[in-house]
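Shown next, in structure tokens, is the structure this report addresses.
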2 protein chains.
Amino acid sequence: MSAATVSRVLNGARTVDPAMVARVLTAVRELGYRPNAVARNLRRSRTTLWAVIISDIGNPFFTATVRGIEDVAQQAGYSVVLCNSDEDPAKEETYVAAALSEQMAGVIIASSGSAKAAKSLLDSPVPVVAIDRQLPRGEVDTVVVDNEAGARTATRHLLDAGYRRIACVTGPEGVSTADLRLRGYTAALSAQQPPGEPLIARTDFREQGGYDAMASLLSSPERPDAVFVANNLMTVGALRCLADHEVRVPGEMGVVGFDEIPWADLVRPSLTTVAQPTYELGRMAARLLVDRIATPAGRPATVVLPAELRARQSSAR
Amino acid sequence: MSAATVSRVLNGARTVDPAMVARVLTAVRELGYRPNAVARNLRRSRTTLWAVIISDIGNPFFTATVRGIEDVAQQAGYSVVLCNSDEDPAKEETYVAAALSEQMAGVIIASSGSAKAAKSLLDSPVPVVAIDRQLPRGEVDTVVVDNEAGARTATRHLLDAGYRRIACVTGPEGVSTADLRLRGYTAALSAQQPPGEPLIARTDFREQGGYDAMASLLSSPERPDAVFVANNLMTVGALRCLADHEVRVPGEMGVVGFDEIPWADLVRPSLTTVAQPTYELGRMAARLLVDRIATPAGRPATVVLPAELRARQSSAR
DNA sequence: CAGCTGCGTGCAATCGATTTCTGGCCGAAA
DNA sequence: TTTCGGCCAGAAATCGATTGCACGCAGCTG
């Protein structure tokens, strides 16, 4: 029989004789035949793969988000391939280029800030959803949490607890989460009477960065009595630094971290965090992508999810 | 000019006139031309993608391993796409099928135990490396740690610390890491004079499983005074259970967990673990895969890396 | 019984890049 | 001047599956 018939059987065309269908299926089973997806993709000029490009695979925030994406993707018939840019714009560009060359059906990206990668995506026809962070100059579907409000709440919480000299450790300039969380922090300070004076340390979004930033805050002339750390990995670094310097938390230093940490309630003192609805964020992003694939045109949506303060011991003076 | 010429330029053939090369390159830049990798892969019948199939993306062990894989892959000119089976054999089978259909250049897999997925891989010509866990009935390159020795050391460490009634929480039967770690535990017990009596709880390799297993151990008539937990996520669950039941660690219950945890030294009491060389494990697996792609035939290698006890407070009576 | 409809199958074009083959042109050697 | 290589560019085949089109056959209608 012809390849055409086999193809029709395997793709569920109903114009095939049932006897023929049976013959094809047994032959497929016996031969262990597996259609070549590369050829299929070429002919159909579409694929069933999504590229999910995240900036740190070691960050529980992203892994939880990916779970949400995966669950929706599976249901919609897509497979998710995960790409870890490790906050490295060059790696991000490599992965974006691969995703475009491979004609992926869609891309979900937490940008590490590469304008070049963003431009490639925007210039291409591939549907894109940005998560966690705004895509540089990108008019695309976006799912983020309300970073500014979350940071404001966290900072106000420290003020309410009686801390007076509150520092902020945040991420790289130009990364939207870093900038917005900083803005929320400063907003909370200046809402005070009298306005609090900001004390800011910028670093990368990684553990070592948090450690170093905390160390420099500790040795600064205006040593703070509390710190708001704008991401979970930096918070771990800060905590480690405080432990190394034998600074008592929360007695000598109140701590609130952005992003929930799976073991926040297991450490002593337990850690106050600003929790994000990670799984829901992933689901939402995946749903937007499904919609965008169905309807390529149309105004991009931006979904803002709430962040929620989880007050624990590290911020209780 | 013809497509053939463009192809030659882009693939670095040296039989092209320099003037022509320049024309092609400027045209490529101006048009934003990007070769269709799907078509290229079809024609060449090979790709530059590796599928890395892991069983839990939320487990720091795997994410650290992936980092090692990625670094070697990038250097060798491959891109890594990560697939998360979430310990679900059905998902694993889906991803294996996708990897084979997509003609991936190689597969690195931490099996969740699906015999079907293993068979598909073994029947196919695609180069495979198993990590962390043996592939069911699979004669393939494998990188593991010395699970039995690690478990034996951990158990002996508890015995040496003076604990007398030591339980083991391990993973599903048939998953090699679960079985070997259990074997190391029983070996250490029976090496005692008089031999210790094993007390075993089997569950899945997840946090909730660890919690439940610990809870049942606590209420057992032969309540243990120490526990060896065979994986990091289950250890977290066990710790949470102990905290909920207000069991003092290490006073009332000594704890050692297999797998390092990034914050093992931040919790109080800090956690004794059996650390694995995760990054190195990933690098090794990737190197084996590169070799296997170059030399498809030949006897599969098995690399066993050492695990190392990190004694901290949770096991100090 | 001619003609029409519809079903099931095969033929052949197609996707876009790579690669082998072919041929034109030029220079060098006889 | 002729012939032979060598070099370079284009023509065409190729990868494997999908899909529009055509054809043959059966059943039905007028």
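Order determines the names: the first chain of the structure tokens is A, the second B, and so forth; residues in each chain are numbered 1 upward, and ligands are numbered 1 upward as they are shown.
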
Any idea what's packed within 10 Å of DG6 of chain C, counting only C-alpha atoms (C1' of nucleotides), ignoring anything in its chain fewer than 2 positions away? Could you give it as a ChimeraX atom specification? /C:4,8 /D:26-27

I need the residues from that last selection saved to file as a PDB file, in the first residue's frame (with all heavy atoms), if you can.
ATOM      1  P    DC C   4     -23.367  12.714 -16.622  1.00  0.00           P
ATOM      2  OP1  DC C   4     -23.696  13.952 -17.370  1.00  0.00           O
ATOM      3  OP2  DC C   4     -21.989  12.166 -16.646  1.00  0.00           O
ATOM      4  O5'  DC C   4     -23.802  12.907 -15.108  1.00  0.00           O
ATOM      5  C5'  DC C   4     -25.089  12.451 -14.668  1.00  0.00           C
ATOM      6  C4'  DC C   4     -25.006  12.069 -13.210  1.00  0.00           C
ATOM      7  O4'  DC C   4     -24.756  10.653 -13.087  1.00  0.00           O
ATOM      8  C3'  DC C   4     -23.890  12.778 -12.435  1.00  0.00           C
ATOM      9  O3'  DC C   4     -24.442  13.380 -11.267  1.00  0.00           O
ATOM     10  C2'  DC C   4     -22.888  11.676 -12.116  1.00  0.00           C
ATOM     11  C1'  DC C   4     -23.784  10.425 -12.102  1.00  0.00           C
ATOM     12  N1   DC C   4     -23.074   9.171 -12.455  1.00  0.00           N
ATOM     13  C2   DC C   4     -23.202   8.058 -11.635  1.00  0.00           C
ATOM     14  O2   DC C   4     -23.906   8.133 -10.608  1.00  0.00           O
ATOM     15  N3   DC C   4     -22.564   6.906 -11.981  1.00  0.00           N
ATOM     16  C4   DC C   4     -21.817   6.851 -13.078  1.00  0.00           C
ATOM     17  N4   DC C   4     -21.208   5.696 -13.373  1.00  0.00           N
ATOM     18  C5   DC C   4     -21.662   7.976 -13.934  1.00  0.00           C
ATOM     19  C6   DC C   4     -22.298   9.110 -13.587  1.00  0.00           C
ATOM     20  P    DG C   8     -14.984   4.683   2.263  1.00  0.00           P
ATOM     21  OP1  DG C   8     -15.412   3.552   3.116  1.00  0.00           O
ATOM     22  OP2  DG C   8     -14.749   6.018   2.837  1.00  0.00           O
ATOM     23  O5'  DG C   8     -13.693   4.227   1.465  1.00  0.00           O
ATOM     24  C5'  DG C   8     -13.778   3.038   0.682  1.00  0.00           C
ATOM     25  C4'  DG C   8     -12.531   2.938  -0.167  1.00  0.00           C
ATOM     26  O4'  DG C   8     -12.555   3.975  -1.181  1.00  0.00           O
ATOM     27  C3'  DG C   8     -11.219   3.139   0.604  1.00  0.00           C
ATOM     28  O3'  DG C   8     -10.334   2.117   0.213  1.00  0.00           O
ATOM     29  C2'  DG C   8     -10.724   4.515   0.155  1.00  0.00           C
ATOM     30  C1'  DG C   8     -11.276   4.584  -1.253  1.00  0.00           C
ATOM     31  N9   DG C   8     -11.478   5.923  -1.780  1.00  0.00           N
ATOM     32  C8   DG C   8     -12.003   7.021  -1.139  1.00  0.00           C
ATOM     33  N7   DG C   8     -12.071   8.084  -1.899  1.00  0.00           N
ATOM     34  C5   DG C   8     -11.554   7.664  -3.112  1.00  0.00           C
ATOM     35  C6   DG C   8     -11.369   8.371  -4.329  1.00  0.00           C
ATOM     36  O6   DG C   8     -11.636   9.544  -4.578  1.00  0.00           O
ATOM     37  N1   DG C   8     -10.813   7.560  -5.321  1.00  0.00           N
ATOM     38  C2   DG C   8     -10.481   6.233  -5.152  1.00  0.00           C
ATOM     39  N2   DG C   8      -9.964   5.618  -6.199  1.00  0.00           N
ATOM     40  N3   DG C   8     -10.652   5.563  -4.020  1.00  0.00           N
ATOM     41  C4   DG C   8     -11.189   6.335  -3.055  1.00  0.00           C
TER      42       DG C   8
ATOM     43  P    DA D  26     -16.301  -3.250  -8.860  1.00  0.00           P
ATOM     44  OP1  DA D  26     -15.850  -4.560  -8.353  1.00  0.00           O
ATOM     45  OP2  DA D  26     -16.736  -3.081 -10.266  1.00  0.00           O
ATOM     46  O5'  DA D  26     -17.474  -2.723  -7.919  1.00  0.00           O
ATOM     47  C5'  DA D  26     -17.157  -2.312  -6.587  1.00  0.00           C
ATOM     48  C4'  DA D  26     -18.301  -1.478  -6.041  1.00  0.00           C
ATOM     49  O4'  DA D  26     -18.237  -0.154  -6.605  1.00  0.00           O
ATOM     50  C3'  DA D  26     -19.682  -2.029  -6.373  1.00  0.00           C
ATOM     51  O3'  DA D  26     -20.500  -1.974  -5.214  1.00  0.00           O
ATOM     52  C2'  DA D  26     -20.200  -1.099  -7.464  1.00  0.00           C
ATOM     53  C1'  DA D  26     -19.511   0.209  -7.096  1.00  0.00           C
ATOM     54  N9   DA D  26     -19.289   1.108  -8.227  1.00  0.00           N
ATOM     55  C8   DA D  26     -18.782   0.796  -9.453  1.00  0.00           C
ATOM     56  N7   DA D  26     -18.693   1.823 -10.271  1.00  0.00           N
ATOM     57  C5   DA D  26     -19.171   2.891  -9.522  1.00  0.00           C
ATOM     58  C6   DA D  26     -19.340   4.257  -9.806  1.00  0.00           C
ATOM     59  N6   DA D  26     -19.009   4.799 -10.976  1.00  0.00           N
ATOM     60  N1   DA D  26     -19.845   5.037  -8.827  1.00  0.00           N
ATOM     61  C2   DA D  26     -20.169   4.477  -7.664  1.00  0.00           C
ATOM     62  N3   DA D  26     -20.059   3.209  -7.269  1.00  0.00           N
ATOM     63  C4   DA D  26     -19.547   2.463  -8.259  1.00  0.00           C
ATOM     64  P    DG D  27     -21.878  -2.767  -5.196  1.00  0.00           P
ATOM     65  OP1  DG D  27     -21.927  -3.547  -3.933  1.00  0.00           O
ATOM     66  OP2  DG D  27     -22.085  -3.433  -6.489  1.00  0.00           O
ATOM     67  O5'  DG D  27     -22.902  -1.564  -5.080  1.00  0.00           O
ATOM     68  C5'  DG D  27     -22.654  -0.510  -4.128  1.00  0.00           C
ATOM     69  C4'  DG D  27     -23.559   0.655  -4.443  1.00  0.00           C
ATOM     70  O4'  DG D  27     -23.042   1.368  -5.602  1.00  0.00           O
ATOM     71  C3'  DG D  27     -24.991   0.258  -4.805  1.00  0.00           C
ATOM     72  O3'  DG D  27     -25.890   1.157  -4.167  1.00  0.00           O
ATOM     73  C2'  DG D  27     -25.039   0.414  -6.315  1.00  0.00           C
ATOM     74  C1'  DG D  27     -24.091   1.581  -6.526  1.00  0.00           C
ATOM     75  N9   DG D  27     -23.498   1.678  -7.853  1.00  0.00           N
ATOM     76  C8   DG D  27     -22.981   0.659  -8.616  1.00  0.00           C
ATOM     77  N7   DG D  27     -22.514   1.072  -9.772  1.00  0.00           N
ATOM     78  C5   DG D  27     -22.756   2.437  -9.761  1.00  0.00           C
ATOM     79  C6   DG D  27     -22.464   3.418 -10.746  1.00  0.00           C
ATOM     80  O6   DG D  27     -21.929   3.268 -11.843  1.00  0.00           O
ATOM     81  N1   DG D  27     -22.865   4.688 -10.330  1.00  0.00           N
ATOM     82  C2   DG D  27     -23.463   4.958  -9.129  1.00  0.00           C
ATOM     83  N2   DG D  27     -23.786   6.236  -8.904  1.00  0.00           N
ATOM     84  N3   DG D  27     -23.746   4.060  -8.202  1.00  0.00           N
ATOM     85  C4   DG D  27     -23.359   2.820  -8.598  1.00  0.00           C
TER      86       DG D  27
END

Got a sec to tell me which of segment 75-153 of chain B DSSP assigns to strand (DSSP E), as a PyMOL selection string? chain B and resi 79-84+106-109+128-131+141-145

Shell around DG20 of chain D at 12 Å using only C-alpha atoms (C1' of nucleotides), local window under 2 positions removed, as a PDB file with N, CA and C atoms (P, O5', C5', C4', C3', O3' and C1' of nucleotides), in the first residue's frame:
ATOM      1  N   ALA A   4       0.723   7.271   1.432  1.00  0.00           N
ATOM      2  CA  ALA A   4      -0.409   8.168   1.654  1.00  0.00           C
ATOM      3  C   ALA A   4      -1.449   7.520   2.544  1.00  0.00           C
TER       4      ALA A   4
ATOM      5  P    DC C  11       0.966   4.427  -7.160  1.00  0.00           P
ATOM      6  O5'  DC C  11       0.921   5.879  -7.831  1.00  0.00           O
ATOM      7  C5'  DC C  11      -0.042   6.159  -8.827  1.00  0.00           C
ATOM      8  C4'  DC C  11       0.038   7.624  -9.219  1.00  0.00           C
ATOM      9  C3'  DC C  11       1.463   8.187  -9.281  1.00  0.00           C
ATOM     10  O3'  DC C  11       1.541   9.011 -10.434  1.00  0.00           O
ATOM     11  C1'  DC C  11       0.172   9.466  -7.763  1.00  0.00           C
ATOM     12  P    DA C  12       2.968   9.510 -10.952  1.00  0.00           P
ATOM     13  O5'  DA C  12       3.004  10.969 -10.333  1.00  0.00           O
ATOM     14  C5'  DA C  12       1.857  11.810 -10.470  1.00  0.00           C
ATOM     15  C4'  DA C  12       2.054  13.078  -9.646  1.00  0.00           C
ATOM     16  C3'  DA C  12       3.490  13.604  -9.604  1.00  0.00           C
ATOM     17  O3'  DA C  12       3.414  15.000  -9.679  1.00  0.00           O
ATOM     18  C1'  DA C  12       2.725  13.298  -7.430  1.00  0.00           C
ATOM     19  P    DA C  13       4.675  15.884  -9.992  1.00  0.00           P
ATOM     20  O5'  DA C  13       4.356  17.175  -9.116  1.00  0.00           O
ATOM     21  C5'  DA C  13       3.010  17.637  -9.046  1.00  0.00           C
ATOM     22  C4'  DA C  13       2.801  18.431  -7.771  1.00  0.00           C
ATOM     23  C3'  DA C  13       3.938  19.396  -7.420  1.00  0.00           C
ATOM     24  O3'  DA C  13       3.369  20.592  -6.936  1.00  0.00           O
ATOM     25  C1'  DA C  13       3.624  17.879  -5.645  1.00  0.00           C
ATOM     26  P    DT C  14       4.283  21.852  -6.699  1.00  0.00           P
ATOM     27  O5'  DT C  14       4.521  21.791  -5.136  1.00  0.00           O
ATOM     28  C5'  DT C  14       3.413  21.754  -4.246  1.00  0.00           C
ATOM     29  C4'  DT C  14       3.904  21.518  -2.839  1.00  0.00           C
ATOM     30  C3'  DT C  14       5.195  22.261  -2.487  1.00  0.00           C
ATOM     31  O3'  DT C  14       4.875  23.320  -1.612  1.00  0.00           O
ATOM     32  C1'  DT C  14       5.169  20.028  -1.647  1.00  0.00           C
TER      33       DT C  14
ATOM     34  P    DT D  18       2.203  12.451   8.447  1.00  0.00           P
ATOM     35  O5'  DT D  18       1.741  13.528   7.382  1.00  0.00           O
ATOM     36  C5'  DT D  18       2.088  14.878   7.591  1.00  0.00           C
ATOM     37  C4'  DT D  18       1.601  15.733   6.446  1.00  0.00           C
ATOM     38  C3'  DT D  18       0.092  15.703   6.188  1.00  0.00           C
ATOM     39  O3'  DT D  18      -0.293  17.049   6.019  1.00  0.00           O
ATOM     40  C1'  DT D  18       1.250  15.258   4.191  1.00  0.00           C
ATOM     41  P    DA D  22      -7.406  17.007 -11.096  1.00  0.00           P
ATOM     42  O5'  DA D  22      -7.177  15.462 -11.434  1.00  0.00           O
ATOM     43  C5'  DA D  22      -5.837  14.958 -11.574  1.00  0.00           C
ATOM     44  C4'  DA D  22      -5.893  13.451 -11.671  1.00  0.00           C
ATOM     45  C3'  DA D  22      -7.051  12.917 -12.504  1.00  0.00           C
ATOM     46  O3'  DA D  22      -6.604  11.793 -13.239  1.00  0.00           O
ATOM     47  C1'  DA D  22      -7.199  12.048 -10.339  1.00  0.00           C
TER      48       DA D  22
END

Would you kindly report the residues of chain D within 8 Å of chain A, using only C-alpha atoms (C1' of nucleotides), as a PyMOL selection string? chain D and resi 15-18

Export of prior selection with N, CA, C and O atoms (P, O5', C5', C4', C3', O3' and C1' of nucleotides) as a PDB file, in the first residue's frame:
ATOM      1  P    DC D  15      16.517   9.828  -0.145  1.00  0.00           P
ATOM      2  O5'  DC D  15      16.137  10.482   1.261  1.00  0.00           O
ATOM      3  C5'  DC D  15      17.151  10.891   2.183  1.00  0.00           C
ATOM      4  C4'  DC D  15      16.544  11.805   3.219  1.00  0.00           C
ATOM      5  C3'  DC D  15      15.159  11.354   3.680  1.00  0.00           C
ATOM      6  O3'  DC D  15      15.309  10.581   4.862  1.00  0.00           O
ATOM      7  C1'  DC D  15      15.255  13.730   3.256  1.00  0.00           C
ATOM      8  P    DG D  16      14.497   9.163   4.944  1.00  0.00           P
ATOM      9  O5'  DG D  16      13.017   9.610   5.308  1.00  0.00           O
ATOM     10  C5'  DG D  16      12.771  10.213   6.557  1.00  0.00           C
ATOM     11  C4'  DG D  16      11.355  10.727   6.586  1.00  0.00           C
ATOM     12  C3'  DG D  16      10.287   9.672   6.295  1.00  0.00           C
ATOM     13  O3'  DG D  16       9.294   9.805   7.278  1.00  0.00           O
ATOM     14  C1'  DG D  16       9.951  11.559   4.934  1.00  0.00           C
ATOM     15  P    DA D  17       8.118   8.787   7.485  1.00  0.00           P
ATOM     16  O5'  DA D  17       6.856   9.748   7.442  1.00  0.00           O
ATOM     17  C5'  DA D  17       6.783  10.809   8.379  1.00  0.00           C
ATOM     18  C4'  DA D  17       6.005  11.952   7.788  1.00  0.00           C
ATOM     19  C3'  DA D  17       4.528  11.681   7.550  1.00  0.00           C
ATOM     20  O3'  DA D  17       3.781  12.562   8.352  1.00  0.00           O
ATOM     21  C1'  DA D  17       5.532  12.751   5.678  1.00  0.00           C
ATOM     22  P    DT D  18       2.203  12.451   8.447  1.00  0.00           P
ATOM     23  O5'  DT D  18       1.741  13.528   7.382  1.00  0.00           O
ATOM     24  C5'  DT D  18       2.088  14.878   7.591  1.00  0.00           C
ATOM     25  C4'  DT D  18       1.601  15.733   6.446  1.00  0.00           C
ATOM     26  C3'  DT D  18       0.092  15.703   6.188  1.00  0.00           C
ATOM     27  O3'  DT D  18      -0.293  17.049   6.019  1.00  0.00           O
ATOM     28  C1'  DT D  18       1.250  15.258   4.191  1.00  0.00           C
TER      29       DT D  18
END

Residues of chain C within 10 Å of chain B: nearest atom pair and distance (Å, one decimal) for each, counting only C-alpha atoms (C1' of nucleotides), sorted by chain and number, as a Markdown table?
| residue | atom | partner | partner_atom | distance |
| --- | --- | --- | --- | --- |
| C:DC15 | C1' | B:Ala39 | CA | 7.9 |
| C:DG16 | C1' | B:Ala39 | CA | 5.2 |
| C:DA17 | C1' | B:Arg40 | CA | 5.0 |
| C:DT18 | C1' | B:Arg43 | CA | 6.1 |
| C:DT19 | C1' | B:Ala4 | CA | 8.6 |

As an MDAnalysis selection string, please: every residue in segment 95-183 of chain B that DSSP puts in alpha helix (DSSP H). chainID B and resid 95:101 115:123 147:160 176:183

Considering only C-alpha atoms, give me a table of residues in chain A that are at most 8 Å from chain B, with the closest atom pair and distance in Å for each, as a Markdown table.
| residue | atom | partner | partner_atom | distance |
| --- | --- | --- | --- | --- |
| A:Arg34 | CA | B:Ser101 | CA | 6.6 |
| A:Pro35 | CA | B:Ser101 | CA | 6.3 |
| A:Asn36 | CA | B:Ser101 | CA | 5.2 |
| A:Ala37 | CA | B:Ser101 | CA | 4.9 |
| A:Val38 | CA | B:Glu102 | CA | 5.6 |
| A:Ala39 | CA | B:Leu42 | CA | 5.9 |
| A:Asn41 | CA | B:Val38 | CA | 6.9 |
| A:Leu42 | CA | B:Val38 | CA | 5.8 |
| A:Ile57 | CA | B:Thr63 | CA | 6.3 |
| A:Gly58 | CA | B:Thr63 | CA | 5.9 |
| A:Pro60 | CA | B:Gly58 | CA | 6.7 |
| A:Thr63 | CA | B:Gly58 | CA | 5.9 |
| A:Ala64 | CA | B:Gly58 | CA | 7.1 |
| A:Ser79 | CA | B:Tyr95 | CA | 7.7 |
| A:Val80 | CA | B:Cys83 | CA | 7.0 |
| A:Val81 | CA | B:Val81 | CA | 5.1 |
| A:Leu82 | CA | B:Leu82 | CA | 4.8 |
| A:Cys83 | CA | B:Val81 | CA | 5.9 |
| A:Tyr95 | CA | B:Ser79 | CA | 7.7 |
| A:Ser101 | CA | B:Ala37 | CA | 4.9 |
| A:Glu102 | CA | B:Ala37 | CA | 5.1 |
| A:Gln103 | CA | B:Val38 | CA | 7.2 |
| A:Val236 | CA | B:Trp263 | CA | 7.8 |
| A:Leu239 | CA | B:Leu266 | CA | 7.8 |
| A:Arg240 | CA | B:Leu266 | CA | 6.9 |
| A:Trp263 | CA | B:Val236 | CA | 7.8 |
| A:Leu266 | CA | B:Val267 | CA | 6.5 |
| A:Val267 | CA | B:Val267 | CA | 4.3 |
| A:Arg268 | CA | B:Arg268 | CA | 5.6 |

Excluding DG10 of chain D and any residue of its chain fewer than 2 positions from it, enumerate the residues within 10 Å of it, using only C-alpha atoms (C1' of nucleotides), and give them as JSON, numbers by chain. {"B": [1, 2, 3, 4, 5], "C": [22, 23], "D": [8, 12]}

If we count only C-alpha atoms (C1' of nucleotides) and set the cut-off at 9 Å, which residues sit around segment 163-176 of chain B, ignoring sequence neighbours fewer than 3 positions away in its own chain? Please answer as an MDAnalysis selection string. chainID B and resid 111:113 132:136 147 155 158:160 179:182 185:186 189 196:206 209:210 213:214 217 222:231 234:235 253:254 315 317

If you count only C-alpha atoms (C1' of nucleotides), which residues fall within 8 Å of Val129 of chain A, apart from same-chain ones fewer than 3 positions away, as JSON, numbers by chain? {"A": [107, 108, 109, 140, 141, 142, 143, 285, 288, 289]}

May I have the selected residues written with C-alpha atoms, as a compact mmCIF listing (two decimals), in the first residue's frame?
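As a result, again24.txt now contains:
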# COMPACT_ATOMS: atom_id res chain seq x y z
CA VAL A 107 7.64 30.71 23.37
CA ILE A 108 7.22 31.58 27.02
CA ILE A 109 10.09 33.63 28.32
CA VAL A 140 3.41 40.90 24.00
CA ASP A 141 1.10 38.97 26.27
CA THR A 142 2.52 39.22 29.75
CA VAL A 143 1.85 37.60 33.11
CA ALA A 285 0.80 32.14 30.78
CA LEU A 288 -2.56 33.02 27.01
CA LEU A 289 -0.18 31.21 24.70

Compare A:Asp259, A:Glu92, A:Glu30, A:Glu252 by their minimum atom-to-atom distance to Lys116 of chain A, counting only C-alpha atoms, and give me the closest one. A:Glu92

Give me the residues near DC4 of chain D as number ranges by chain, where near means some atom within 12 Å (using only C-alpha atoms (C1' of nucleotides)) and where sequence neighbours in that chain fewer than 4 positions away do not count. C: 26-30
